[in-house]
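What follows is work08.cif (mmCIF, C-alpha atoms and all ligand atoms).
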```cif
data_query
#
loop_
_atom_site.group_PDB
_atom_site.id
_atom_site.type_symbol
_atom_site.label_atom_id
_atom_site.label_comp_id
_atom_site.auth_asym_id
_atom_site.auth_seq_id
_atom_site.Cartn_x
_atom_site.Cartn_y
_atom_site.Cartn_z
ATOM 1 C CA MET A 18 45.447 45.533 -51.590
ATOM 2 C CA ALA A 19 46.031 49.091 -50.453
ATOM 3 C CA ARG A 20 48.985 49.597 -48.110
ATOM 4 C CA ILE A 21 50.385 52.367 -45.926
ATOM 5 C CA THR A 22 53.966 52.859 -47.068
ATOM 6 C CA ALA A 23 55.070 55.938 -45.113
ATOM 7 C CA GLY A 24 54.104 58.674 -42.703
ATOM 8 C CA VAL A 25 54.932 62.365 -42.892
ATOM 9 C CA GLY A 26 54.729 64.843 -40.033
ATOM 10 C CA THR A 27 54.934 68.567 -40.728
ATOM 11 C CA SER A 28 54.019 71.965 -39.379
ATOM 12 C CA HIS A 29 51.412 73.840 -41.418
ATOM 13 C CA VAL A 30 52.247 77.475 -40.552
ATOM 14 C CA PRO A 31 50.108 79.798 -42.732
ATOM 15 C CA ALA A 32 53.022 82.239 -43.210
ATOM 16 C CA ILE A 33 54.874 79.414 -45.017
ATOM 17 C CA GLY A 34 52.035 79.286 -47.539
ATOM 18 C CA ALA A 35 52.220 83.073 -47.942
ATOM 19 C CA ALA A 36 56.022 82.889 -48.431
ATOM 20 C CA ILE A 37 55.517 80.361 -51.257
ATOM 21 C CA ASP A 38 52.635 82.244 -52.859
ATOM 22 C CA LEU A 39 54.474 85.597 -52.696
ATOM 23 C CA LYS A 40 57.738 84.057 -54.065
ATOM 24 C CA LYS A 41 59.725 84.737 -50.903
ATOM 25 C CA THR A 42 61.216 81.288 -50.354
ATOM 26 C CA GLY A 43 64.693 82.534 -51.380
ATOM 27 C CA GLU A 44 64.763 85.184 -48.649
ATOM 28 C CA GLU A 45 67.338 84.679 -45.871
ATOM 29 C CA TYR A 46 64.580 84.292 -43.249
ATOM 30 C CA TRP A 47 62.825 81.503 -45.157
ATOM 31 C CA LYS A 48 65.731 79.626 -46.760
ATOM 32 C CA PRO A 49 66.470 77.363 -43.762
ATOM 33 C CA VAL A 50 62.772 76.494 -43.374
ATOM 34 C CA PHE A 51 62.457 75.284 -46.966
ATOM 35 C CA ALA A 52 65.921 73.669 -47.069
ATOM 36 C CA GLY A 53 64.645 71.007 -44.678
ATOM 37 C CA TYR A 54 62.006 69.931 -47.206
ATOM 38 C CA GLU A 55 64.325 69.457 -50.197
ATOM 39 C CA TRP A 56 65.075 65.837 -49.292
ATOM 40 C CA SER A 57 61.365 65.120 -48.837
ATOM 41 C CA LYS A 58 60.387 66.657 -52.175
ATOM 42 C CA SER A 59 62.780 64.441 -54.093
ATOM 43 C CA TRP A 60 61.852 61.404 -51.965
ATOM 44 C CA ILE A 61 58.133 61.810 -52.640
ATOM 45 C CA GLY A 62 58.892 62.271 -56.339
ATOM 46 C CA THR A 63 60.184 58.696 -56.428
ATOM 47 C CA GLU A 64 57.670 57.239 -53.940
ATOM 48 C CA LYS A 65 54.699 58.525 -55.978
ATOM 49 C CA PRO A 66 51.932 57.798 -53.450
ATOM 50 C CA ASP A 67 48.476 57.389 -54.976
ATOM 51 C CA VAL A 68 46.609 58.789 -51.981
ATOM 52 C CA VAL A 69 47.460 60.758 -48.841
ATOM 53 C CA VAL A 70 45.212 60.483 -45.797
ATOM 54 C CA LEU A 71 45.937 64.019 -44.647
ATOM 55 C CA VAL A 72 45.272 64.650 -40.955
ATOM 56 C CA TYR A 73 44.906 68.376 -40.264
ATOM 57 C CA ASN A 74 42.807 70.872 -38.421
ATOM 58 C CA ASP A 75 40.495 73.490 -39.819
ATOM 59 C CA HIS A 76 41.072 76.984 -38.357
ATOM 60 C CA ALA A 77 37.492 78.316 -38.351
ATOM 61 C CA SER A 78 37.434 78.296 -42.179
ATOM 62 C CA ALA A 79 35.090 75.399 -43.046
ATOM 63 C CA PHE A 80 33.847 74.843 -39.483
ATOM 64 C CA ASP A 81 33.091 77.462 -36.866
ATOM 65 C CA MET A 82 31.351 77.537 -33.506
ATOM 66 C CA LYS A 83 28.145 76.303 -35.198
ATOM 67 C CA ILE A 84 29.615 72.853 -35.755
ATOM 68 C CA ILE A 85 32.736 71.313 -34.229
ATOM 69 C CA PRO A 86 33.348 67.732 -35.372
ATOM 70 C CA THR A 87 35.967 65.966 -33.270
ATOM 71 C CA PHE A 88 36.989 63.729 -36.185
ATOM 72 C CA ALA A 89 35.681 64.394 -39.707
ATOM 73 C CA ILE A 90 36.493 62.595 -42.962
ATOM 74 C CA GLY A 91 36.166 64.230 -46.377
ATOM 75 C CA CYS A 92 34.405 61.847 -48.752
ATOM 76 C CA GLY A 93 33.802 64.350 -51.582
ATOM 77 C CA GLU A 94 35.219 64.458 -55.131
ATOM 78 C CA ARG A 95 37.129 67.731 -54.622
ATOM 79 C CA PHE A 96 37.851 70.378 -52.019
ATOM 80 C CA ALA A 97 38.533 74.012 -52.949
ATOM 81 C CA PRO A 98 41.009 76.139 -50.945
ATOM 82 C CA ALA A 99 39.277 78.146 -48.212
ATOM 83 C CA ASP A 100 38.990 81.880 -48.011
ATOM 84 C CA GLU A 101 40.896 82.489 -44.795
ATOM 85 C CA GLY A 102 40.332 86.226 -44.638
ATOM 86 C CA TRP A 103 43.025 87.213 -47.159
ATOM 87 C CA GLY A 104 41.347 85.209 -49.912
ATOM 88 C CA PRO A 105 41.905 81.540 -50.770
ATOM 89 C CA ARG A 106 45.505 80.487 -51.501
ATOM 90 C CA PRO A 107 46.239 80.338 -55.242
ATOM 91 C CA VAL A 108 46.750 76.580 -55.206
ATOM 92 C CA PRO A 109 44.962 73.821 -57.143
ATOM 93 C CA ASP A 110 41.779 72.244 -55.832
ATOM 94 C CA VAL A 111 42.413 69.151 -53.741
ATOM 95 C CA ILE A 112 41.085 66.027 -55.442
ATOM 96 C CA GLY A 113 39.535 63.444 -53.139
ATOM 97 C CA HIS A 114 39.274 59.664 -53.398
ATOM 98 C CA PRO A 115 35.600 59.053 -52.550
ATOM 99 C CA ASP A 116 35.792 55.249 -52.853
ATOM 100 C CA LEU A 117 38.696 54.948 -50.401
ATOM 101 C CA ALA A 118 37.278 57.664 -48.149
ATOM 102 C CA TRP A 119 33.865 55.963 -47.872
ATOM 103 C CA HIS A 120 35.589 52.637 -47.261
ATOM 104 C CA ILE A 121 37.690 54.177 -44.462
ATOM 105 C CA ALA A 122 34.587 55.872 -43.016
ATOM 106 C CA GLN A 123 32.681 52.582 -42.968
ATOM 107 C CA SER A 124 35.603 50.657 -41.508
ATOM 108 C CA LEU A 125 36.248 53.274 -38.796
ATOM 109 C CA ILE A 126 32.590 53.572 -37.793
ATOM 110 C CA LEU A 127 32.144 49.782 -37.615
ATOM 111 C CA ASP A 128 35.394 49.811 -35.615
ATOM 112 C CA GLU A 129 33.556 52.153 -33.171
ATOM 113 C CA PHE A 130 35.093 55.509 -34.170
ATOM 114 C CA ASP A 131 32.107 57.777 -34.772
ATOM 115 C CA MET A 132 33.397 59.860 -37.685
ATOM 116 C CA THR A 133 31.564 62.855 -39.098
ATOM 117 C CA ILE A 134 31.179 62.350 -42.854
ATOM 118 C CA ILE A 135 31.700 65.518 -44.884
ATOM 119 C CA ASN A 136 30.878 65.632 -48.581
ATOM 120 C CA GLU A 137 31.332 69.355 -49.155
ATOM 121 C CA MET A 138 33.927 71.537 -47.502
ATOM 122 C CA THR A 139 36.764 73.902 -48.253
ATOM 123 C CA VAL A 140 40.281 73.243 -46.948
ATOM 124 C CA ASP A 141 42.525 75.851 -45.324
ATOM 125 C CA HIS A 142 46.275 76.258 -44.679
ATOM 126 C CA GLY A 143 46.205 73.284 -42.296
ATOM 127 C CA LEU A 144 45.862 71.043 -45.367
ATOM 128 C CA THR A 145 47.252 73.096 -48.271
ATOM 129 C CA VAL A 146 50.550 74.247 -46.700
ATOM 130 C CA PRO A 147 51.771 70.645 -46.159
ATOM 131 C CA LEU A 148 50.913 69.872 -49.823
ATOM 132 C CA SER A 149 52.931 72.926 -50.935
ATOM 133 C CA LEU A 150 55.883 71.965 -48.722
ATOM 134 C CA MET A 151 55.988 68.423 -50.099
ATOM 135 C CA PHE A 152 55.096 69.079 -53.764
ATOM 136 C CA GLY A 153 56.041 72.697 -54.474
ATOM 137 C CA GLU A 154 53.857 74.585 -56.926
ATOM 138 C CA PRO A 155 52.421 72.120 -59.485
ATOM 139 C CA ASP A 156 49.446 72.933 -61.751
ATOM 140 C CA ALA A 157 47.603 70.003 -60.176
ATOM 141 C CA TRP A 158 48.415 68.101 -56.970
ATOM 142 C CA PRO A 159 50.043 64.789 -57.944
ATOM 143 C CA VAL A 160 48.098 62.795 -55.311
ATOM 144 C CA LYS A 161 44.528 62.254 -54.283
ATOM 145 C CA VAL A 162 43.772 63.333 -50.747
ATOM 146 C CA VAL A 163 41.422 62.003 -48.089
ATOM 147 C CA PRO A 164 41.119 64.955 -45.688
ATOM 148 C CA LEU A 165 40.785 63.961 -42.039
ATOM 149 C CA ALA A 166 39.971 66.970 -39.883
ATOM 150 C CA VAL A 167 40.522 66.939 -36.106
ATOM 151 C CA ASN A 168 39.203 69.472 -33.625
ATOM 152 C CA VAL A 169 42.200 70.996 -31.846
ATOM 153 C CA VAL A 170 40.824 74.534 -31.890
ATOM 154 C CA THR A 171 38.078 74.392 -29.286
ATOM 155 C CA TYR A 172 38.304 72.598 -25.942
ATOM 156 C CA PRO A 173 38.010 69.610 -25.596
ATOM 157 C CA PRO A 174 40.259 68.144 -28.285
ATOM 158 C CA PRO A 175 40.618 64.346 -28.473
ATOM 159 C CA THR A 176 43.298 62.705 -26.329
ATOM 160 C CA GLY A 177 46.616 61.640 -27.792
ATOM 161 C CA ASN A 178 45.711 58.059 -26.942
ATOM 162 C CA ARG A 179 42.465 58.296 -28.919
ATOM 163 C CA CYS A 180 44.338 59.822 -31.843
ATOM 164 C CA TRP A 181 46.904 57.000 -31.840
ATOM 165 C CA ALA A 182 44.093 54.416 -31.691
ATOM 166 C CA LEU A 183 42.337 56.139 -34.604
ATOM 167 C CA GLY A 184 45.585 55.807 -36.571
ATOM 168 C CA GLU A 185 45.647 52.077 -35.778
ATOM 169 C CA ALA A 186 42.071 51.811 -37.055
ATOM 170 C CA ILE A 187 42.978 53.741 -40.234
ATOM 171 C CA ARG A 188 45.726 51.156 -40.791
ATOM 172 C CA ARG A 189 43.150 48.338 -40.582
ATOM 173 C CA ALA A 190 40.808 50.264 -42.874
ATOM 174 C CA VAL A 191 43.403 50.919 -45.580
ATOM 175 C CA LYS A 192 44.675 47.336 -45.495
ATOM 176 C CA SER A 193 41.181 46.028 -46.171
ATOM 177 C CA PHE A 194 40.641 48.189 -49.293
ATOM 178 C CA PRO A 195 40.861 45.808 -52.270
ATOM 179 C CA GLU A 196 42.455 48.177 -54.804
ATOM 180 C CA ASP A 197 46.248 48.193 -55.093
ATOM 181 C CA LEU A 198 47.041 51.677 -53.745
ATOM 182 C CA ASN A 199 50.182 53.251 -52.293
ATOM 183 C CA VAL A 200 48.830 55.259 -49.354
ATOM 184 C CA GLN A 201 50.674 57.661 -47.073
ATOM 185 C CA VAL A 202 49.332 59.139 -43.847
ATOM 186 C CA TRP A 203 50.383 62.677 -42.937
ATOM 187 C CA GLY A 204 50.018 64.364 -39.549
ATOM 188 C CA THR A 205 50.219 68.155 -39.544
ATOM 189 C CA GLY A 206 50.339 71.092 -37.154
ATOM 190 C CA GLY A 207 52.646 72.083 -34.349
ATOM 191 C CA MET A 208 55.273 72.247 -33.229
ATOM 192 C CA SER A 209 55.425 74.360 -30.099
ATOM 193 C CA HIS A 210 53.550 77.628 -30.489
ATOM 194 C CA GLN A 211 51.357 79.985 -28.549
ATOM 195 C CA LEU A 212 49.751 82.711 -30.612
ATOM 196 C CA GLN A 213 48.197 84.890 -27.926
ATOM 197 C CA GLY A 214 48.405 86.076 -24.323
ATOM 198 C CA PRO A 215 51.410 86.691 -22.071
ATOM 199 C CA ARG A 216 53.173 83.518 -23.249
ATOM 200 C CA ALA A 217 52.795 84.358 -26.988
ATOM 201 C CA GLY A 218 55.888 83.294 -28.905
ATOM 202 C CA LEU A 219 56.721 80.402 -26.565
ATOM 203 C CA ILE A 220 59.028 77.829 -28.190
ATOM 204 C CA ASN A 221 60.276 74.684 -26.422
ATOM 205 C CA ALA A 222 62.870 73.108 -28.716
ATOM 206 C CA GLU A 223 63.854 70.465 -26.178
ATOM 207 C CA TRP A 224 60.296 69.197 -25.812
ATOM 208 C CA ASP A 225 59.657 69.345 -29.573
ATOM 209 C CA ASN A 226 62.735 67.199 -30.215
ATOM 210 C CA MET A 227 61.708 64.752 -27.500
ATOM 211 C CA PHE A 228 58.403 64.428 -29.373
ATOM 212 C CA LEU A 229 60.178 63.828 -32.711
ATOM 213 C CA ASP A 230 62.391 61.192 -31.013
ATOM 214 C CA GLY A 231 59.291 59.488 -29.622
ATOM 215 C CA LEU A 232 57.764 58.974 -33.076
ATOM 216 C CA ILE A 233 60.697 56.758 -34.061
ATOM 217 C CA GLY A 234 61.036 53.102 -33.095
ATOM 218 C CA GLU A 235 58.726 50.922 -31.035
ATOM 219 C CA SER A 236 57.745 53.054 -28.053
ATOM 220 C CA ASP A 237 54.164 54.263 -27.772
ATOM 221 C CA ALA A 238 54.896 56.521 -24.795
ATOM 222 C CA LEU A 239 53.751 59.662 -26.666
ATOM 223 C CA ARG A 240 50.155 58.466 -26.710
ATOM 224 C CA HIS A 241 49.938 58.927 -22.940
ATOM 225 C CA ILE A 242 50.986 62.610 -22.805
ATOM 226 C CA PRO A 243 48.079 64.506 -21.195
ATOM 227 C CA HIS A 244 46.658 67.713 -22.710
ATOM 228 C CA ILE A 245 47.996 69.792 -19.839
ATOM 229 C CA GLU A 246 51.573 68.825 -20.730
ATOM 230 C CA TYR A 247 51.165 70.026 -24.335
ATOM 231 C CA LEU A 248 49.738 73.308 -23.046
ATOM 232 C CA ARG A 249 52.352 73.834 -20.344
ATOM 233 C CA GLU A 250 55.399 72.781 -22.361
ATOM 234 C CA THR A 251 54.492 73.811 -25.918
ATOM 235 C CA GLY A 252 51.883 76.578 -25.649
ATOM 236 C CA SER A 253 48.184 76.501 -26.363
ATOM 237 C CA GLU A 254 48.525 75.762 -30.099
ATOM 238 C CA GLY A 255 51.119 73.041 -29.443
ATOM 239 C CA ILE A 256 48.092 70.798 -28.896
ATOM 240 C CA GLU A 257 48.030 70.478 -32.711
ATOM 241 C CA MET A 258 50.729 67.823 -32.254
ATOM 242 C CA VAL A 259 48.152 65.216 -31.186
ATOM 243 C CA MET A 260 47.380 64.974 -34.911
ATOM 244 C CA TRP A 261 50.861 63.580 -35.556
ATOM 245 C CA LEU A 262 49.895 60.642 -33.326
ATOM 246 C CA ILE A 263 47.181 59.600 -35.796
ATOM 247 C CA MET A 264 49.929 59.348 -38.420
ATOM 248 C CA ARG A 265 52.203 57.434 -36.019
ATOM 249 C CA GLY A 266 49.436 55.025 -34.982
ATOM 250 C CA ALA A 267 48.747 54.285 -38.660
ATOM 251 C CA LEU A 268 52.338 53.079 -39.176
ATOM 252 C CA GLY A 269 51.984 50.051 -36.910
ATOM 253 C CA PRO A 270 54.238 48.726 -34.160
ATOM 254 C CA ALA A 271 57.596 50.239 -35.184
ATOM 255 C CA THR A 272 59.019 52.943 -37.437
ATOM 256 C CA ARG A 273 62.292 53.962 -39.012
ATOM 257 C CA CYS A 274 63.180 57.625 -39.541
ATOM 258 C CA LEU A 275 64.101 58.527 -43.120
ATOM 259 C CA HIS A 276 64.413 62.283 -42.662
ATOM 260 C CA ARG A 277 64.016 64.882 -39.938
ATOM 261 C CA HIS A 278 64.066 68.677 -39.811
ATOM 262 C CA TYR A 279 63.597 71.260 -37.064
ATOM 263 C CA HIS A 280 63.929 75.011 -37.386
ATOM 264 C CA VAL A 281 63.045 78.078 -35.328
ATOM 265 C CA PRO A 282 61.490 80.482 -36.187
ATOM 266 C CA ALA A 283 58.762 80.475 -38.797
ATOM 267 C CA SER A 284 56.223 83.128 -37.948
ATOM 268 C CA ASN A 285 55.526 82.521 -34.245
ATOM 269 C CA THR A 286 56.363 78.843 -34.264
ATOM 270 C CA ALA A 287 58.914 76.096 -34.450
ATOM 271 C CA VAL A 288 58.811 74.171 -37.719
ATOM 272 C CA GLY A 289 59.098 70.408 -37.338
ATOM 273 C CA HIS A 290 59.122 67.777 -40.050
ATOM 274 C CA ILE A 291 59.697 64.021 -40.114
ATOM 275 C CA VAL A 292 59.428 61.241 -42.696
ATOM 276 C CA LEU A 293 58.816 57.788 -41.253
ATOM 277 C CA GLU A 294 58.591 54.308 -42.706
ATOM 278 C CA PRO A 295 56.783 51.406 -41.038
ATOM 279 C CA ILE A 296 59.247 48.625 -40.128
ATOM 280 C CA THR A 297 56.904 45.667 -40.117
ATOM 281 C CA GLY A 298 55.239 44.595 -43.315
ATOM 282 C CA ASP A 299 52.026 43.505 -41.569
HETATM 283 C C1 LIG A 301 50.199 80.039 -37.009
HETATM 284 C C2 LIG A 301 48.940 79.496 -37.186
HETATM 285 C C3 LIG A 301 48.778 78.116 -37.227
HETATM 286 O O1 LIG A 301 47.601 77.521 -37.476
HETATM 287 C C4 LIG A 301 49.822 77.296 -37.070
HETATM 288 O O2 LIG A 301 49.615 75.979 -37.079
HETATM 289 C C5 LIG A 301 51.077 77.823 -36.904
HETATM 290 C C6 LIG A 301 51.254 79.205 -36.861
HETATM 291 C C7 LIG A 301 50.437 81.507 -37.005
HETATM 292 O O3 LIG A 301 49.471 82.278 -37.141
HETATM 293 O O4 LIG A 301 51.596 81.919 -36.939
HETATM 294 FE FE FE A 302 47.431 75.439 -37.094
#
```
Transcribe the structure of this file into structure tokens.
Ligand code: DHB
Ligand code: FE
Amino acid sequence: MARITAGVGTSHVPAIGAAIDLKKTGEEYWKPVFAGYEWSKSWIGTEKPDVVVLVYNDHASAFDMKIIPTFAIGCGERFAPADEGWGPRPVPDVIGHPDLAWHIAQSLILDEFDMTIINEMTVDHGLTVPLSLMFGEPDAWPVKVVPLAVNVVTYPPPTGNRCWALGEAIRRAVKSFPEDLNVQVWGTGGMSHQLQGPRAGLINAEWDNMFLDGLIGESDALRHIPHIEYLRETGSEGIEMVMWLIMRGALGPATRCLHRHYHVPASNTAVGHIVLEPITGD
């Protein structure tokens, strides 16, 4: 049977992708950002997941104001990097796992989560930067990816509670897939950032670390944080952190922290990263 073996949370700052693509990772500004991923890169090299269910948000690349799915699942064979205005990132195409993706879609919809099924789409920095942070610059990504896109760009985004519950349903879906697969769930985005207006540049390290603490152990208190708290405490784009709760919900009742990293600044944001393992084997 397929099983969820770990969860990864990480920021997906586009400037990180540009730093990698332009060979700037050795610069003083970027060194501490990337240093926090060294442990994770060697860890994932031994874990060798078969598939990552990668929870991210599209930033008006594949979707725009014409169509705004709250939760969308990519069931296609492959997903090319998006043209985000500067041209698509020079990274490999993302290879999907249509059988697992369709199984998850069916399980979630019968479990009363009304997913949008997407067979063709491009994927932007929200999905490709986490792959680069975890795998570096390979010729082909060493995992298959089931993209799971969440609307956190246009009001109203889903609640944290709904995101956590969707993670719980993804856990049930993966566990009922008959093939023996090592599956990880990643939550991306965040941490605190506000990109525009008088509060642009807002960083709340104390709140971000409270959020990282809350992902560890048995508590599910994070699922009850209201939208207004994310906005007030972490800036308008801090709402991206609800996506980490899908990852946390998918890990079951309790987690153990294997690795954690927090650094300010990267572009206009705080970079956060965590690697979690489910404690129960259920
Ligand atoms: C920026 C954009 C993002 O989508 C994000 O998650 C973090 C930072 C930026 O433009 O700096
Ligand atoms: Fe983003």
How close does each residue of segment 182-274 of chain A get to segment 69-85 of chain A, giving the shortest atom pair and distance in Å to one decimal for every residue with an atom at most 6 Å away, counting only C-alpha atoms, sorted by chain and residue number, as a Markdown table?
```
| residue | atom | partner | partner_atom | distance |
| --- | --- | --- | --- | --- |
| A:Val200 | CA | A:Val69 | CA | 5.7 |
| A:Gln201 | CA | A:Val69 | CA | 4.8 |
| A:Val202 | CA | A:Val70 | CA | 4.8 |
| A:Trp203 | CA | A:Leu71 | CA | 4.9 |
| A:Gly204 | CA | A:Val72 | CA | 5.0 |
| A:Thr205 | CA | A:Tyr73 | CA | 5.4 |
```
Using all atoms listed in the file, what does the table of chain A residues within 6 Å of ligand LIG 301 (chain A) look like, with each row giving the shortest atom pair and its distance in Å to one decimal, sorted by chain and ascending number, as JSON lines?
```
{"residue": "A:His29", "atom": "CA", "partner": "A:LIG301", "partner_atom": "O2", "distance": 5.2}
{"residue": "A:Val30", "atom": "CA", "partner": "A:LIG301", "partner_atom": "C5", "distance": 3.8}
{"residue": "A:Pro31", "atom": "CA", "partner": "A:LIG301", "partner_atom": "C2", "distance": 5.7}
{"residue": "A:Gly206", "atom": "CA", "partner": "A:LIG301", "partner_atom": "O2", "distance": 4.9}
{"residue": "A:Gly207", "atom": "CA", "partner": "A:LIG301", "partner_atom": "O2", "distance": 5.6}
{"residue": "A:Ser284", "atom": "CA", "partner": "A:LIG301", "partner_atom": "O4", "distance": 4.9}
{"residue": "A:Asn285", "atom": "CA", "partner": "A:LIG301", "partner_atom": "O4", "distance": 4.8}
{"residue": "A:Thr286", "atom": "CA", "partner": "A:LIG301", "partner_atom": "C6", "distance": 5.7}
```
Keeping C-alpha atoms for every residue in the selection just given, could you write it to a file as a PDB file, keeping the file's coordinate frame?
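The result, written out as part_12.pdb:
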```
ATOM      1  CA  HIS A  29      51.412  73.840 -41.418  1.00  0.00           C
ATOM      2  CA  VAL A  30      52.247  77.475 -40.552  1.00  0.00           C
ATOM      3  CA  PRO A  31      50.108  79.798 -42.732  1.00  0.00           C
ATOM      4  CA  GLY A 206      50.339  71.092 -37.154  1.00  0.00           C
ATOM      5  CA  GLY A 207      52.646  72.083 -34.349  1.00  0.00           C
ATOM      6  CA  SER A 284      56.223  83.128 -37.948  1.00  0.00           C
ATOM      7  CA  ASN A 285      55.526  82.521 -34.245  1.00  0.00           C
ATOM      8  CA  THR A 286      56.363  78.843 -34.264  1.00  0.00           C
TER       9      THR A 286
END
```
(request) Tell me which protein, DNA and RNA residues are within 7 Å of Trp181 of chain A, counting only C-alpha atoms, leaving out same-chain ones fewer than 4 positions away, and put them as a PyMOL selection string. (result) chain A and resi 177+185+240+262-263+265-266
Just want the 8 Å neighbourhood of segment 115-125 of chain A, counted on all atoms listed in the file, with same-chain residues fewer than 4 positions away dropped. Output as a compact mmCIF listing (two decimals) with C-alpha atoms, keeping the file's coordinate frame.
```
# COMPACT_ATOMS: atom_id res chain seq x y z
CA ILE A 90 36.49 62.60 -42.96
CA GLY A 91 36.17 64.23 -46.38
CA CYS A 92 34.40 61.85 -48.75
CA GLY A 93 33.80 64.35 -51.58
CA GLU A 94 35.22 64.46 -55.13
CA GLU A 129 33.56 52.15 -33.17
CA PHE A 130 35.09 55.51 -34.17
CA ASP A 131 32.11 57.78 -34.77
CA MET A 132 33.40 59.86 -37.68
CA ILE A 134 31.18 62.35 -42.85
CA VAL A 163 41.42 62.00 -48.09
CA LEU A 183 42.34 56.14 -34.60
CA ALA A 186 42.07 51.81 -37.06
CA ILE A 187 42.98 53.74 -40.23
CA ARG A 189 43.15 48.34 -40.58
CA ALA A 190 40.81 50.26 -42.87
CA VAL A 191 43.40 50.92 -45.58
CA PHE A 194 40.64 48.19 -49.29
```
(message) Nearest residue to ligand FE 302 (chain A) out of A:Glu294, A:Glu254, A:Asp156, A:Asp225, using all atoms listed in the file?
(response)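 For ligand FE 302 (chain A), the nearest of the candidates is A:Glu254.
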(request) Counting only C-alpha atoms, figure out which residue out of A:Gly143, A:Gly218, A:Pro243, A:Pro164 gets nearest to Asn178 of chain A. (result) A:Pro243
